[in-house]
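As structure tokens, the structure follows; a few thoughts come after it.
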Amino acid sequence: MSRALPKYNKRRVAIIGGAAAVALTGAIVAGTALAGETSKSSTPTARTLADVGSITCPDVASQLPEIPATAQAEVDRNLTLLQTQIDEANKRLVDTVGQGGANFVQNAILGPLEDKRIATVNRIATAIGRTADKPQGLDALAPCALNAGGAADTGEEAGAGAEAGATPSEAASEAAGGAEDTGNAEGAGDAGEAAGAGAISCPDVASQLPAIPATAQAEVDRNLALLDTQLAEANKRLVDTVGQGGPNFVQNAILGPLADKRNSTIDRIAISIGRTAEKPQGLGSLAACTLTQ
């Protein structure tokens, strides 16, 4: 980052909702998140017993600027989601102990977690940017690391203090402009078939969209391009990891994370259209992809 991000105004953190939501906020934002987004549930005990370590991620809340009142609820929801993502990743760390090869944790848990966090911190930045200066460089807070207990090996730790910069997915989506989701990434798909790994096919999203308002066209195009990038990356990963893991490796490490990314991207498309027209419904059914041999 070219400059340190201003600190988050802790006094502004307040989840809008009932007592349960307030309690959740106190546990996640005022306590856990501001001290570092790590799970405080019963899962760490299980992890300790299994000697698999735990996942630690950079704190996002403390790196945010002053949050406009109009963005507060959306920012709070996404801060809570960041914690939920870590809790789920830590649970998966325990549930999959002993599975896969040396890079299983990085490929199946830390990598997908980083992708989810990138999408979530970008939503936070976008929410703030609607009525104030959009914070820059929050993507640098997306990578998480495994504090290993010895049984799980990441192969290569994701640096918690990574430098600011766009991810390959984001950079490629910006460069791709108005590309449509073809449902097939030719280069990566051909490589996968040549290696005997098959290829991943996804439902076409562009053809299922209603008329796109002019005000939403650029954002929709960016996200359609991102869908293509996600598919191409998944097909490349399919080739790079051929022979790794057990019978469920492709589903757990590639198809599952791809569906999560596509779901977030498709949701952004629907939200973009819905700002000035009727929001399309049911697009989430297009998120899941399949492996063809």
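For the structure tokens, the naming scheme is as follows: chains receive sequential letters (A, B, ...) according to their order of presentation, residues are indexed from 1 within each chain, and ligands are indexed from 1 in presentation order.
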Worksheet item: Using only C-alpha atoms, which residues sit within 12 Å of stretch 206-215 of chain A once same-chain residues fewer than 4 positions away are excluded, as a ChimeraX atom specification?
Response: /A:178-183,202,219-228,266,269-286
Go ahead and write the selection's residues with N, CA and C atoms as a short mmCIF file (atom, residue, chain, number, x, y, z; two decimals), in the first residue's frame.
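Saved to selection-v8.cif:
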data_model
loop_
_atom_site.label_atom_id
_atom_site.label_comp_id
_atom_site.auth_asym_id
_atom_site.auth_seq_id
_atom_site.Cartn_x
_atom_site.Cartn_y
_atom_site.Cartn_z
N GLY A 178 -15.97 -6.02 -21.67
CA GLY A 178 -17.35 -6.47 -21.73
C GLY A 178 -17.49 -7.91 -22.15
N ALA A 179 -16.55 -8.76 -21.86
CA ALA A 179 -16.66 -10.15 -22.29
C ALA A 179 -17.83 -10.83 -21.65
N GLU A 180 -18.46 -11.76 -22.36
CA GLU A 180 -19.58 -12.50 -21.84
C GLU A 180 -19.11 -13.83 -21.29
N ASP A 181 -19.91 -14.40 -20.37
CA ASP A 181 -19.60 -15.70 -19.81
C ASP A 181 -19.97 -16.76 -20.84
N THR A 182 -18.98 -17.43 -21.39
CA THR A 182 -19.25 -18.40 -22.45
C THR A 182 -19.62 -19.75 -21.90
N GLY A 183 -19.36 -19.98 -20.60
CA GLY A 183 -19.62 -21.29 -20.04
C GLY A 183 -18.49 -22.26 -20.34
N CYS A 202 -19.63 -24.53 -17.06
CA CYS A 202 -20.54 -23.78 -16.19
C CYS A 202 -21.73 -23.26 -17.00
N GLU A 219 -20.83 -2.34 -14.87
CA GLU A 219 -20.61 -3.24 -13.74
C GLU A 219 -20.99 -4.67 -14.11
N VAL A 220 -22.06 -4.83 -14.85
CA VAL A 220 -22.46 -6.17 -15.29
C VAL A 220 -21.38 -6.76 -16.19
N ASP A 221 -20.86 -5.97 -17.11
CA ASP A 221 -19.81 -6.46 -18.01
C ASP A 221 -18.57 -6.90 -17.24
N ARG A 222 -18.19 -6.11 -16.23
CA ARG A 222 -17.01 -6.47 -15.43
C ARG A 222 -17.22 -7.82 -14.74
N ASN A 223 -18.41 -8.03 -14.22
CA ASN A 223 -18.68 -9.27 -13.50
C ASN A 223 -18.86 -10.45 -14.43
N LEU A 224 -19.38 -10.23 -15.62
CA LEU A 224 -19.42 -11.31 -16.61
C LEU A 224 -18.01 -11.72 -17.01
N ALA A 225 -17.14 -10.73 -17.16
CA ALA A 225 -15.74 -11.03 -17.47
C ALA A 225 -15.08 -11.79 -16.32
N LEU A 226 -15.44 -11.44 -15.10
CA LEU A 226 -14.88 -12.12 -13.94
C LEU A 226 -15.32 -13.58 -13.90
N LEU A 227 -16.55 -13.86 -14.32
CA LEU A 227 -17.02 -15.25 -14.39
C LEU A 227 -16.14 -16.06 -15.34
N ASP A 228 -15.80 -15.47 -16.47
CA ASP A 228 -14.91 -16.15 -17.40
C ASP A 228 -13.54 -16.40 -16.78
N ILE A 266 -22.42 -13.49 -9.41
CA ILE A 266 -23.78 -13.43 -9.96
C ILE A 266 -24.66 -12.55 -9.09
N ILE A 269 -24.12 -9.02 -9.96
CA ILE A 269 -24.79 -8.68 -11.21
C ILE A 269 -26.26 -8.36 -10.95
N ALA A 270 -26.92 -9.23 -10.16
CA ALA A 270 -28.34 -9.02 -9.87
C ALA A 270 -28.56 -7.72 -9.10
N ILE A 271 -27.69 -7.45 -8.14
CA ILE A 271 -27.81 -6.22 -7.34
C ILE A 271 -27.63 -4.99 -8.23
N SER A 272 -26.66 -5.07 -9.14
CA SER A 272 -26.40 -3.95 -10.04
C SER A 272 -27.62 -3.63 -10.90
N ILE A 273 -28.23 -4.65 -11.46
CA ILE A 273 -29.42 -4.45 -12.27
C ILE A 273 -30.57 -3.94 -11.41
N GLY A 274 -30.68 -4.49 -10.21
CA GLY A 274 -31.80 -4.16 -9.33
C GLY A 274 -31.79 -2.74 -8.79
N ARG A 275 -30.69 -2.02 -8.97
CA ARG A 275 -30.67 -0.64 -8.47
C ARG A 275 -31.59 0.27 -9.28
N THR A 276 -31.76 -0.02 -10.56
CA THR A 276 -32.58 0.85 -11.41
C THR A 276 -33.65 0.10 -12.19
N ALA A 277 -33.73 -1.22 -11.98
CA ALA A 277 -34.76 -2.02 -12.66
C ALA A 277 -35.15 -3.16 -11.73
N GLU A 278 -36.02 -4.02 -12.21
CA GLU A 278 -36.43 -5.15 -11.38
C GLU A 278 -35.25 -6.12 -11.23
N LYS A 279 -34.95 -6.48 -10.00
CA LYS A 279 -33.83 -7.36 -9.73
C LYS A 279 -34.12 -8.77 -10.22
N PRO A 280 -33.26 -9.34 -11.06
CA PRO A 280 -33.50 -10.71 -11.54
C PRO A 280 -33.41 -11.71 -10.40
N GLN A 281 -34.29 -12.69 -10.44
CA GLN A 281 -34.35 -13.70 -9.39
C GLN A 281 -33.87 -15.04 -9.93
N GLY A 282 -33.36 -15.88 -9.02
CA GLY A 282 -33.01 -17.25 -9.36
C GLY A 282 -31.70 -17.44 -10.08
N LEU A 283 -30.90 -16.38 -10.21
CA LEU A 283 -29.63 -16.53 -10.92
C LEU A 283 -28.64 -17.40 -10.14
N GLY A 284 -28.86 -17.53 -8.85
CA GLY A 284 -27.97 -18.35 -8.04
C GLY A 284 -27.90 -19.80 -8.51
N SER A 285 -28.94 -20.26 -9.20
CA SER A 285 -28.96 -21.64 -9.70
C SER A 285 -27.92 -21.86 -10.80
N LEU A 286 -27.36 -20.77 -11.33
CA LEU A 286 -26.36 -20.87 -12.39
C LEU A 286 -24.94 -20.95 -11.85
#
Discussion item. Taking 6 positions as the minimum chain separation for residues in the same chain, which residues sit within 10 Å of stretch 243-245 of chain A when counting only C-alpha atoms? Answer as JSON, numbers by chain.
Written reply: {"A": [99, 100, 101, 102, 103, 104, 197, 252, 253]}
Discussion item. Please list as number ranges by chain every residue within 6 Å of stretch 109-121 of chain A, counting only C-alpha atoms and excluding residues in the same chain fewer than 3 positions away.
Written reply: A: 105-106, 124, 139, 142-143, 257
Practice prompt. Quote the spacing between atom CA of A:Gln83 and atom CA of A:Cys144 in Å to one decimal place.
Written response: 12.2 Å
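With only C-alpha atoms as the atoms that count, the residue of A:Ser201, A:Asn90, A:Thr290, A:Ser54 with the shortest distance to A:Gln251 is A:Thr290.
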Item to complete: To one decimal in Å, tell me the separation between atom CA of A:Asp87 and atom CA of A:Ala234.
Response: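 Those two atoms sit 24.3 Å apart.
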Discussion item. Here is a test: counting only C-alpha atoms, which residue of A:Leu291, A:Val250, A:Ala216, A:Leu146 is nearest to A:Ala89?
Written reply: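 Among A:Leu291, A:Val250, A:Ala216, A:Leu146, it is A:Leu146 that comes nearest to A:Ala89.
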Discussion item. I'd like the interatomic distance between atom CA of A:Leu138 and atom CA of A:Ala232, to a tenth of an Å.
Written reply: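 Here the two named atoms are 24.6 Å from each other.
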Worksheet item: Got a sec to tell me which of stretch 102-149 of chain A DSSP assigns to alpha helix (DSSP H), as a list in words?
Response: Phe104, Val105, Gly111, Pro112, Leu113, Glu114, Asp115, Lys116, Arg117, Ile118, Ala119, Thr120, Val121, Asn122, Arg123, Ile124, Ala125, Thr126, Ala127, Ile128 and Gly129 of chain A
